[in-house]
There are 2 protein chains.
Amino acid sequence: MTTIRDVSRVAGVSVATVSRAMTRPEKVSEKTREKVLAAIAETKYKPDVSARNFSTRKSRTIVVLVPDISNPFFSRVIRGIEHTAQRVGYSVLLGDTRGDPSIEDSYAGMVEARLADGIIQLNGRLPFDGAEETPVPLVNACDCVDRDDIPTIALENAKAARAMTQHLLSLGHRRIAVVKGPNDSSLTRERLRGYAEALAEEAIELDDALIAEGDFSAASGENAATDLLSLQQKPTAIFCFNDEMAMGVMHHAKQLGFSVPADLSVVGFDDIQFAQYCDPPLTTIRQPAESFGSKAMTVLLGILQGEAPTVMRQHLPYEIVIRQSTGVAP
Amino acid sequence: MTTIRDVSRVAGVSVATVSRAMTRPEKVSEKTREKVLAAIAETKYKPDVSARNFSTRKSRTIVVLVPDISNPFFSRVIRGIEHTAQRVGYSVLLGDTRGDPSIEDSYAGMVEARLADGIIQLNGRLPFDGAEETPVPLVNACDCVDRDDIPTIALENAKAARAMTQHLLSLGHRRIAVVKGPNDSSLTRERLRGYAEALAEEAIELDDALIAEGDFSAASGENAATDLLSLQQKPTAIFCFNDEMAMGVMHHAKQLGFSVPADLSVVGFDDIQFAQYCDPPLTTIRQPAESFGSKAMTVLLGILQGEAPTVMRQHLPYEIVIRQSTGVAP
DNA sequence: TACAGTACTGTAACCGGTTACATTTTGTAA
DNA sequence: TTACAAAATGTAACCGGTTACAGTACTGTA
């Protein structure tokens with residue numbers, strides 16, 4: 001392996017000069033820089049970034065904590081993070097937590113171990129939830145966290161859910177069911193709030209029987225459909241808190257002989273790629289997944305450069321995408 | 001920050017002993033180990049892994065090169081990699097290359113920069129394709145590479161494609177179209193070969209007009225469907241080389257008024273989660289995505305531990321999953 | 001020509017671990 | 001008790017960069 005000392009010998013300068021020629025070229029005279037570059041080329045020198053990171057006490061690496069990387073929405077967010085990181089010379093360590101707090105904690109420990117400079121976290125639970133002595137650079141995206149000292153990039157979930165519910169109401173639906181996510185997610189709570197608000201505006205009473213719990217998987221959507229569609233008073237519309245559950249609901253409803261949207265309207269949340277290829281194509285709420293990622297990365301970079309984040313909560317725009325899975329109430 | 005020297009002071013032993021107590025406890029007497037552990041607890045010492053990595057010239061990190069992380073098949077493979085890596089204390093750096101060779105190369109450079117110990121690569125192109133002086137620990141998964149000095153985990157793509165074509169033939173189809181992937185992928189070539197073999201067995205001539213090129217995106221499936229279904233002699237079945245293209249084909253065919261499977265059978269490849277939620281649910285070839293990842297990681301770990309890989313090409317089993325998108329030829 | 005100020009370069013300490021080698025302690029057998 | 005091997009521990013070099021600080025060369029001015 002050739003080291004900086006080999007290069008300095010070949011170039012006839014000191015190691016400090018070689019180091020400067022690489023990292024702060026303006027600090028070095030034109031002539032020396034050329035000598036150094038020539039020596040680098042001649043010796044085929046590749047700096048040992050691990051040594052550099054050790055010496056500068058930075059890793060130029062961030063960790064992404066994600067509950068499930070195979071979720072298409074999350075994978076798009078990660079893509080946004082990754083592309084932004086790439087552009088500024090940062091690397092992305094993948095932390096698939098499977099929702100397991102102990103795995104989250106172990107990934108969070110990477111910052112203390114200096115393997116990473118900061119964390120972007122895509123679900124609502126905070127890693128190492130105790131009060132931290134030395135706070136870890138952390139940005140929260142997609143799902144909110146109930147703390148106002150942590151920068152968050154999110155959708156106005158309540159507003160979006162309210163708008164979607166209003167859309168269903170405007171189609172004449174009065175019994176609108178919900179397939180929500182796990183209760184401990186603030187995302188679930190926010191969307192539920194928006195739903196309730198929209199119903200309240202029309203003076204429709206909230207019916208607990210119409211609220212089913214899912215876990216954001218298509219299978220849980222199927223289960224929810226089984227329950228909801230066997231009610232005495234069936235819903236005429238089902239609002240699912242993500243597209244996968246909506247696909248599960250739609251699939252199962254069709255199996256039970258319901259026609260979508262004639263008998264039952266189904267809507268989702270996220271607008272994953274597959275939503276448009278459903279049959280019928282799914283009405284849903286589009287989230288700018290990649291933007292979540294790149295925004296979160298940008299905010300984190302700011303923090304890593306020592307800026308105090310100016311706004312603690314950034315909202316990204318949503319868009320109601322009306323396709324063919326919704327129709328007037330039967 | 002507390003360092004190993006602080007701990008050694010508190011414990012009243014040398015730094016070497018502290019180091020040994022952590023990494024090779026059997027080298028240290030019971031009593032000393034306890035003293036050291038107590039001192040570690042007292043000082044709240046967290047080893048600086050970056051310093052350790054620098055010193056040991058290992059990073060316990062690997063890079064995954066993936067053309068598109070938002071592809072559901074790849075994201076499952078990555079999950080397999082990540083979980084296996086996690087179990088043995090390795091981290092995974094994400095390298096979304098968008099198919100760009102220069103990005104691939106820059107990620108490959110991370111191994112030389114000692115930021116990573118090895119690479120798992122999920123597409124067929126080799127990074128830094130010139131003959132390398134010091135070969136980088138590299139494992140290829142999913143798509144094959146035309147070199148027998150690089151361990152590869154793959155499906156028997158030709159065999160699987162042949163089996164699927166035989167299935168279509170057995171349903172009476174004689175004009176079977178293909179939506180293939182990019183030509184530079186050996187995966188495309190292998191599957192094409194299997195398809196051709198199956199046709200040859202039935203003495204059906206290969207018709208170039210029935211071979212459309214896609215890029216594994218649903219949109220390219222739609223385009224292919226436009227072309228194939230406007231042929232004078234329309235195909236009665238379309239074999240797509242992944243599920244997303246199949247979804248695009250099916251979607252577009254239905255828009256054009258074709259009924260699947262009555263007028264047209266459509267099959268895919270991969271069995272991504274959404275294949276079963278299509279309407280009609282998609283007949284496809286299941287690949288054990290997570291297994292690809294964990295196998296690849298296991299092989300790479302072996303290489304990193306200095307073992308010469310025994311078998312250069314491991315085949316994982318496929319399974320033809322027959323759902324409702326295929327039927328007898330009209 | 002002398003001198004101050006600036007630009008450039010060099011020396012060597014430092015980052016926080018690991019580990020080769022030297023030294024001390026312990027254990028066992030004669 | 002002594003002799004000697006094995007086990008435990010300590011000392012200090014080392015990994016390959018960065019950078020504080022010191023030193024030297026160069027510039028323009030008086």
# chains A, B, ... in the order shown; residues from 1 in each chain; ligands from 1
>>> residues_around(residues="segment 109-118 of chain A", least_positions_apart="3", cutoff="8 Å", atoms="only C-alpha atoms (C1' of nucleotides)", output="MDAnalysis selection string")
(chainID A and resid 57:63 105:106 136:138 300 304) or (chainID B and resid 46:50)
>>> interface_residues(of="chain C", to="chain A", cutoff="12 Å", atoms="only C-alpha atoms (C1' of nucleotides)", output="NGL selection string")
:C and (7-12 or 14-17)
>>> calpha_fit_and_write(fixed="chain B", moving="chain A", output="tab-separated table (two decimals) with C-alpha atoms, in the first residue's frame")
chain	number	residue	atom	x	y	z
A	1	MET	CA	-14.69	11.45	25.50
A	2	THR	CA	-13.35	8.64	27.58
A	3	THR	CA	-10.67	6.56	25.93
A	4	ILE	CA	-9.12	3.23	26.60
A	5	ARG	CA	-6.42	5.04	28.56
A	6	ASP	CA	-8.97	6.49	30.96
A	7	VAL	CA	-10.35	3.04	31.54
A	8	SER	CA	-6.90	1.60	32.11
A	9	ARG	CA	-6.21	4.28	34.70
A	10	VAL	CA	-9.45	3.62	36.58
A	11	ALA	CA	-8.99	-0.12	36.44
A	12	GLY	CA	-5.35	0.12	37.41
A	13	VAL	CA	-4.17	-1.94	34.46
A	14	SER	CA	-2.48	-1.22	31.16
A	15	VAL	CA	-4.27	-0.26	27.97
A	16	ALA	CA	-3.24	-3.54	26.43
A	17	THR	CA	-5.09	-5.38	29.16
A	18	VAL	CA	-8.20	-3.32	28.64
A	19	SER	CA	-8.06	-3.96	24.93
A	20	ARG	CA	-7.64	-7.68	25.53
A	21	ALA	CA	-10.42	-7.79	28.09
A	22	MET	CA	-12.73	-6.48	25.41
A	23	THR	CA	-11.67	-8.35	22.32
A	24	ARG	CA	-10.14	-11.57	23.63
A	25	PRO	CA	-11.48	-12.06	27.17
A	26	GLU	CA	-9.93	-15.51	27.48
A	27	LYS	CA	-6.51	-13.91	27.40
A	28	VAL	CA	-7.16	-12.14	30.65
A	29	SER	CA	-7.66	-13.47	34.17
A	30	GLU	CA	-11.14	-13.54	35.61
A	31	LYS	CA	-10.24	-10.99	38.24
A	32	THR	CA	-8.74	-8.45	35.85
A	33	ARG	CA	-11.60	-8.84	33.46
A	34	GLU	CA	-14.03	-7.91	36.19
A	35	LYS	CA	-11.96	-4.93	37.22
A	36	VAL	CA	-11.87	-3.78	33.62
A	37	LEU	CA	-15.57	-4.29	33.06
A	38	ALA	CA	-16.28	-2.35	36.22
A	39	ALA	CA	-14.03	0.46	35.05
A	40	ILE	CA	-15.73	0.47	31.66
A	41	ALA	CA	-19.09	0.76	33.33
A	42	GLU	CA	-17.89	3.42	35.71
A	43	THR	CA	-16.36	5.59	33.01
A	44	LYS	CA	-19.21	4.87	30.58
A	45	TYR	CA	-16.55	3.95	28.08
A	46	LYS	CA	-17.60	3.28	24.48
A	47	PRO	CA	-14.80	2.04	22.27
A	48	ASP	CA	-14.11	4.22	19.26
A	49	VAL	CA	-14.81	1.71	16.54
A	50	SER	CA	-13.40	4.01	13.93
A	51	ALA	CA	-10.05	3.92	15.72
A	52	ARG	CA	-10.31	0.18	16.03
A	53	ASN	CA	-11.07	-0.22	12.36
A	54	PHE	CA	-8.18	1.99	11.46
A	55	SER	CA	-5.85	0.04	13.64
A	56	THR	CA	-6.98	-3.40	12.50
A	57	ARG	CA	-7.29	-2.35	8.88
A	58	LYS	CA	-10.79	-3.75	8.68
A	59	SER	CA	-14.07	-1.90	8.47
A	60	ARG	CA	-16.59	-4.65	9.09
A	61	THR	CA	-18.62	-2.93	6.44
A	62	ILE	CA	-19.64	-4.05	2.99
A	63	VAL	CA	-21.03	-2.17	0.05
A	64	VAL	CA	-24.12	-3.27	-1.83
A	65	LEU	CA	-24.21	-2.09	-5.40
A	66	VAL	CA	-27.79	-1.98	-6.60
A	67	PRO	CA	-29.13	-0.37	-9.76
A	68	ASP	CA	-32.34	0.76	-8.12
A	69	ILE	CA	-33.18	0.33	-4.52
A	70	SER	CA	-36.85	1.09	-5.04
A	71	ASN	CA	-37.26	-2.06	-7.07
A	72	PRO	CA	-39.13	-4.39	-4.69
A	73	PHE	CA	-37.13	-7.42	-5.68
A	74	PHE	CA	-33.82	-5.73	-4.98
A	75	SER	CA	-35.03	-4.29	-1.74
A	76	ARG	CA	-35.85	-7.77	-0.53
A	77	VAL	CA	-32.42	-9.00	-1.52
A	78	ILE	CA	-30.91	-6.12	0.39
A	79	ARG	CA	-32.99	-7.00	3.39
A	80	GLY	CA	-31.52	-10.49	3.25
A	81	ILE	CA	-28.02	-9.07	3.07
A	82	GLU	CA	-28.66	-6.64	5.87
A	83	HIS	CA	-30.10	-9.16	8.29
A	84	THR	CA	-27.26	-11.57	7.79
A	85	ALA	CA	-24.72	-8.79	8.11
A	86	GLN	CA	-26.34	-7.55	11.28
A	87	ARG	CA	-26.14	-10.98	12.83
A	88	VAL	CA	-22.37	-11.13	12.42
A	89	GLY	CA	-21.69	-7.51	13.29
A	90	TYR	CA	-21.21	-6.14	9.82
A	91	SER	CA	-22.74	-2.96	8.45
A	92	VAL	CA	-24.12	-2.38	5.01
A	93	LEU	CA	-23.35	0.67	2.92
A	94	LEU	CA	-25.93	1.35	0.31
A	95	GLY	CA	-24.71	2.05	-3.20
A	96	ASP	CA	-27.59	3.00	-5.45
A	97	THR	CA	-25.88	3.19	-8.81
A	98	ARG	CA	-28.80	4.05	-11.07
A	99	GLY	CA	-26.95	1.90	-13.56
A	100	ASP	CA	-24.27	4.56	-13.87
A	101	PRO	CA	-20.84	2.92	-14.25
A	102	SER	CA	-19.02	5.91	-12.82
A	103	ILE	CA	-21.07	5.70	-9.63
A	104	GLU	CA	-20.37	1.99	-9.47
A	105	ASP	CA	-16.68	2.68	-9.77
A	106	SER	CA	-16.73	5.30	-7.07
A	107	TYR	CA	-18.42	2.89	-4.70
A	108	ALA	CA	-15.97	0.19	-5.62
A	109	GLY	CA	-13.23	2.61	-4.65
A	110	MET	CA	-14.47	2.47	-1.10
A	111	VAL	CA	-12.80	-0.86	-0.65
A	112	GLU	CA	-9.44	0.57	-1.63
A	113	ALA	CA	-10.13	3.51	0.65
A	114	ARG	CA	-10.68	0.97	3.44
A	115	LEU	CA	-14.20	2.18	4.03
A	116	ALA	CA	-15.50	-1.24	3.17
A	117	ASP	CA	-14.11	-4.76	3.16
A	118	GLY	CA	-15.99	-6.11	0.18
A	119	ILE	CA	-18.77	-5.69	-2.31
A	120	ILE	CA	-21.98	-7.45	-3.14
A	121	GLN	CA	-23.22	-6.52	-6.50
A	122	LEU	CA	-26.73	-7.06	-7.73
A	123	ASN	CA	-26.47	-6.38	-11.39
A	124	GLY	CA	-24.48	-7.96	-14.12
A	125	ARG	CA	-21.89	-5.34	-14.83
A	126	LEU	CA	-18.61	-5.60	-13.01
A	127	PRO	CA	-17.33	-2.50	-11.30
A	128	PHE	CA	-13.84	-1.33	-12.32
A	129	ASP	CA	-13.97	-3.76	-15.20
A	130	GLY	CA	-10.32	-3.59	-16.10
A	131	ALA	CA	-8.11	-6.35	-14.82
A	132	GLU	CA	-7.47	-5.44	-11.24
A	133	GLU	CA	-4.06	-5.58	-9.62
A	134	THR	CA	-5.42	-6.31	-6.16
A	135	PRO	CA	-8.70	-8.06	-6.60
A	136	VAL	CA	-11.52	-6.69	-4.45
A	137	PRO	CA	-13.57	-9.18	-2.44
A	138	LEU	CA	-16.68	-9.33	-4.57
A	139	VAL	CA	-19.77	-11.47	-4.80
A	140	ASN	CA	-22.32	-11.27	-7.52
A	141	ALA	CA	-25.96	-11.99	-6.85
A	142	CYS	CA	-29.15	-12.21	-8.90
A	143	ASP	CA	-27.71	-11.34	-12.23
A	144	CYS	CA	-24.78	-13.34	-13.49
A	145	VAL	CA	-21.51	-12.03	-14.64
A	146	ASP	CA	-19.63	-13.71	-17.44
A	147	ARG	CA	-16.62	-14.52	-15.38
A	148	ASP	CA	-15.92	-17.68	-13.53
A	149	ASP	CA	-13.52	-16.19	-11.02
A	150	ILE	CA	-16.28	-14.29	-9.26
A	151	PRO	CA	-18.63	-16.13	-6.91
A	152	THR	CA	-22.17	-15.83	-8.10
A	153	ILE	CA	-25.49	-16.59	-6.49
A	154	ALA	CA	-28.15	-16.91	-9.12
A	155	LEU	CA	-31.20	-18.66	-10.35
A	156	GLU	CA	-31.00	-21.11	-13.19
A	157	ASN	CA	-32.56	-18.46	-15.31
A	158	ALA	CA	-32.60	-20.41	-18.53
A	159	LYS	CA	-34.19	-23.40	-16.86
A	160	ALA	CA	-36.80	-21.29	-15.13
A	161	ALA	CA	-37.69	-19.41	-18.29
A	162	ARG	CA	-37.92	-22.68	-20.15
A	163	ALA	CA	-40.24	-24.12	-17.52
A	164	MET	CA	-42.48	-21.09	-17.67
A	165	THR	CA	-42.59	-21.21	-21.45
A	166	GLN	CA	-43.46	-24.88	-21.26
A	167	HIS	CA	-46.31	-24.01	-18.94
A	168	LEU	CA	-47.68	-21.59	-21.51
A	169	LEU	CA	-47.18	-24.14	-24.28
A	170	SER	CA	-49.03	-26.72	-22.25
A	171	LEU	CA	-51.98	-24.35	-22.15
A	172	GLY	CA	-52.04	-24.40	-25.91
A	173	HIS	CA	-50.29	-21.12	-26.58
A	174	ARG	CA	-48.29	-21.04	-29.77
A	175	ARG	CA	-47.63	-17.36	-30.24
A	176	ILE	CA	-45.84	-16.46	-27.04
A	177	ALA	CA	-44.34	-13.01	-26.87
A	178	VAL	CA	-41.54	-11.93	-24.57
A	179	VAL	CA	-40.83	-8.63	-22.88
A	180	LYS	CA	-37.17	-8.95	-22.13
A	181	GLY	CA	-34.77	-6.74	-20.18
A	182	PRO	CA	-31.84	-4.78	-21.54
A	183	ASN	CA	-29.57	-6.84	-23.77
A	184	ASP	CA	-26.40	-6.21	-21.85
A	185	SER	CA	-27.75	-8.13	-18.90
A	186	SER	CA	-26.80	-11.78	-18.94
A	187	LEU	CA	-30.02	-12.42	-17.11
A	188	THR	CA	-31.89	-11.33	-20.21
A	189	ARG	CA	-29.79	-13.57	-22.41
A	190	GLU	CA	-30.24	-16.58	-20.17
A	191	ARG	CA	-33.98	-16.25	-19.92
A	192	LEU	CA	-34.21	-15.70	-23.64
A	193	ARG	CA	-32.26	-18.89	-24.16
A	194	GLY	CA	-34.64	-20.87	-21.97
A	195	TYR	CA	-37.58	-19.44	-23.86
A	196	ALA	CA	-36.05	-20.34	-27.20
A	197	GLU	CA	-35.26	-23.86	-26.04
A	198	ALA	CA	-38.83	-24.50	-24.97
A	199	LEU	CA	-40.12	-23.27	-28.31
A	200	ALA	CA	-37.61	-25.40	-30.16
A	201	GLU	CA	-38.78	-28.49	-28.30
A	202	GLU	CA	-42.20	-27.93	-29.79
A	203	ALA	CA	-40.72	-27.04	-33.15
A	204	ILE	CA	-42.06	-23.53	-32.98
A	205	GLU	CA	-40.06	-21.01	-34.89
A	206	LEU	CA	-38.68	-18.02	-33.07
A	207	ASP	CA	-40.38	-14.84	-34.24
A	208	ASP	CA	-38.40	-11.68	-33.63
A	209	ALA	CA	-41.54	-9.60	-33.86
A	210	LEU	CA	-42.69	-11.25	-30.65
A	211	ILE	CA	-39.66	-10.13	-28.69
A	212	ALA	CA	-40.00	-6.68	-27.17
A	213	GLU	CA	-37.39	-4.94	-25.09
A	214	GLY	CA	-38.16	-3.40	-21.73
A	215	ASP	CA	-36.11	-1.95	-18.92
A	216	PHE	CA	-37.80	-3.74	-16.02
A	217	SER	CA	-40.12	-0.81	-15.33
A	218	ALA	CA	-43.92	-1.05	-15.47
A	219	ALA	CA	-43.97	1.80	-17.95
A	220	SER	CA	-41.78	-0.13	-20.35
A	221	GLY	CA	-44.23	-3.01	-20.01
A	222	GLU	CA	-47.01	-0.74	-21.13
A	223	ASN	CA	-45.01	0.33	-24.16
A	224	ALA	CA	-44.22	-3.23	-25.05
A	225	ALA	CA	-47.90	-4.13	-24.79
A	226	THR	CA	-48.77	-1.35	-27.20
A	227	ASP	CA	-46.40	-2.77	-29.77
A	228	LEU	CA	-47.14	-6.44	-29.29
A	229	LEU	CA	-50.90	-6.08	-29.26
A	230	SER	CA	-50.97	-4.06	-32.44
A	231	LEU	CA	-49.27	-6.81	-34.43
A	232	GLN	CA	-51.15	-8.41	-37.28
A	233	GLN	CA	-50.62	-11.77	-35.69
A	234	LYS	CA	-51.13	-11.03	-32.03
A	235	PRO	CA	-49.58	-13.15	-29.34
A	236	THR	CA	-51.92	-15.12	-27.08
A	237	ALA	CA	-49.47	-15.00	-24.20
A	238	ILE	CA	-46.82	-12.55	-23.03
A	239	PHE	CA	-43.91	-13.63	-20.88
A	240	CYS	CA	-42.38	-10.67	-19.06
A	241	PHE	CA	-38.95	-10.90	-17.52
A	242	ASN	CA	-40.13	-9.25	-14.33
A	243	ASP	CA	-43.38	-8.67	-12.52
A	244	GLU	CA	-43.43	-4.93	-12.89
A	245	MET	CA	-43.35	-5.14	-16.65
A	246	ALA	CA	-46.05	-7.81	-16.45
A	247	MET	CA	-48.20	-5.46	-14.43
A	248	GLY	CA	-47.67	-2.79	-17.04
A	249	VAL	CA	-48.58	-5.20	-19.83
A	250	MET	CA	-51.67	-6.43	-18.04
A	251	HIS	CA	-52.81	-2.95	-17.23
A	252	HIS	CA	-52.44	-1.77	-20.77
A	253	ALA	CA	-53.96	-4.90	-22.30
A	254	LYS	CA	-57.06	-4.44	-20.18
A	255	GLN	CA	-57.27	-0.83	-21.27
A	256	LEU	CA	-57.19	-1.99	-24.88
A	257	GLY	CA	-60.12	-4.23	-24.11
A	258	PHE	CA	-58.32	-7.53	-23.83
A	259	SER	CA	-59.49	-9.83	-21.12
A	260	VAL	CA	-56.80	-11.56	-19.07
A	261	PRO	CA	-56.54	-14.54	-19.21
A	262	ALA	CA	-59.40	-15.22	-21.63
A	263	ASP	CA	-57.87	-13.31	-24.55
A	264	LEU	CA	-54.34	-13.03	-23.35
A	265	SER	CA	-52.23	-14.79	-20.76
A	266	VAL	CA	-49.60	-12.74	-18.98
A	267	VAL	CA	-46.80	-14.02	-16.81
A	268	GLY	CA	-44.04	-12.34	-14.88
A	269	PHE	CA	-40.84	-13.16	-13.09
A	270	ASP	CA	-39.79	-12.60	-9.43
A	271	ASP	CA	-43.06	-12.97	-7.54
A	272	ILE	CA	-42.91	-9.62	-5.85
A	273	GLN	CA	-45.47	-9.06	-3.17
A	274	PHE	CA	-47.79	-7.16	-5.45
A	275	ALA	CA	-48.03	-9.97	-7.97
A	276	GLN	CA	-50.67	-11.67	-5.86
A	277	TYR	CA	-52.72	-8.50	-5.55
A	278	CYS	CA	-52.97	-7.86	-9.27
A	279	ASP	CA	-56.24	-8.45	-10.98
A	280	PRO	CA	-56.08	-11.18	-12.03
A	281	PRO	CA	-53.33	-12.32	-9.69
A	282	LEU	CA	-50.17	-12.84	-11.66
A	283	THR	CA	-48.69	-16.17	-12.64
A	284	THR	CA	-44.98	-15.81	-12.14
A	285	ILE	CA	-41.69	-17.38	-11.12
A	286	ARG	CA	-40.87	-17.03	-7.48
A	287	GLN	CA	-37.31	-16.19	-6.60
A	288	PRO	CA	-36.09	-16.48	-3.03
A	289	ALA	CA	-35.04	-12.85	-2.82
A	290	GLU	CA	-33.95	-12.73	0.81
A	291	SER	CA	-31.98	-15.94	0.34
A	292	PHE	CA	-30.04	-14.36	-2.47
A	293	GLY	CA	-29.00	-11.68	-0.09
A	294	SER	CA	-28.12	-13.85	2.85
A	295	LYS	CA	-26.29	-16.39	0.70
A	296	ALA	CA	-24.29	-13.67	-0.99
A	297	MET	CA	-23.40	-12.18	2.36
A	298	THR	CA	-22.36	-15.57	3.71
A	299	VAL	CA	-20.11	-16.24	0.74
A	300	LEU	CA	-18.57	-12.79	1.03
A	301	LEU	CA	-17.93	-13.31	4.73
A	302	GLY	CA	-16.13	-16.51	3.86
A	303	ILE	CA	-13.91	-14.70	1.39
A	304	LEU	CA	-13.19	-11.97	3.93
A	305	GLN	CA	-12.08	-14.65	6.34
A	306	GLY	CA	-9.63	-15.86	3.79
A	307	GLU	CA	-11.44	-18.94	2.58
A	308	ALA	CA	-11.29	-19.59	-1.10
A	309	PRO	CA	-14.89	-20.00	-2.24
A	310	THR	CA	-15.52	-23.63	-3.06
A	311	VAL	CA	-18.29	-23.29	-5.60
A	312	MET	CA	-18.20	-20.37	-7.93
A	313	ARG	CA	-21.82	-20.57	-8.92
A	314	GLN	CA	-24.58	-21.34	-6.48
A	315	HIS	CA	-28.05	-21.90	-7.79
A	316	LEU	CA	-31.09	-21.11	-5.74
A	317	PRO	CA	-34.39	-22.81	-6.42
A	318	TYR	CA	-37.20	-21.16	-8.31
A	319	GLU	CA	-40.84	-22.03	-8.17
A	320	ILE	CA	-43.49	-21.52	-10.80
A	321	VAL	CA	-46.46	-19.90	-9.11
A	322	ILE	CA	-49.61	-20.37	-11.11
A	323	ARG	CA	-52.28	-17.82	-10.42
A	324	GLN	CA	-55.10	-16.52	-12.55
A	325	SER	CA	-53.34	-14.49	-15.21
A	326	THR	CA	-52.79	-17.57	-17.33
A	327	GLY	CA	-55.39	-19.71	-19.04
A	328	VAL	CA	-55.85	-21.91	-22.08
A	329	ALA	CA	-55.12	-20.27	-25.39
A	330	PRO	CA	-58.17	-18.70	-27.03
>>> atom_distance(atom1="atom C1' of DA6 of chain D", atom2="atom C1' of DA30 of chain C")
17.3 Å
>>> closest_atom_pairs(of="chain D", to="chain A", cutoff="10 Å", atoms="only C-alpha atoms (C1' of nucleotides)", output="Markdown table")
| residue | atom | partner | partner_atom | distance |
| --- | --- | --- | --- | --- |
| D:DC15 | C1' | A:Ala51 | CA | 8.0 |
| D:DG16 | C1' | A:Ala51 | CA | 5.4 |
| D:DG17 | C1' | A:Arg52 | CA | 4.8 |
| D:DT18 | C1' | A:Ser55 | CA | 6.1 |
| D:DT19 | C1' | A:Ala16 | CA | 8.1 |
>>> select_by_dssp(residues="segment 112-274 of chain A", states="helix (DSSP H, G or I)", output="MDAnalysis selection string")
chainID A and resid 112 157:170 186:201 208:210 218:228 243:255 273:274
>>> atom_distance(atom1="atom C1' of DG27 of chain C", atom2="atom C1' of DT11 of chain D")
25.0 Å
>>> atom_distance(atom1="atom C1' of DT28 of chain C", atom2="atom C1' of DT2 of chain D")
11.8 Å
>>> residues_around(residues="DT6 of chain C", least_positions_apart="3", cutoff="12 Å", atoms="only C-alpha atoms (C1' of nucleotides)", output="list in words")
DA25, DC26, DT27 and DG28 of chain D
>>> select_by_dssp(residues="segment 22-248 of chain A", states="strand (DSSP E or B)", output="MDAnalysis selection string")
chainID A and resid 61:66 91:96 118:121 138:142 152:155 176:180 211:213 237:240
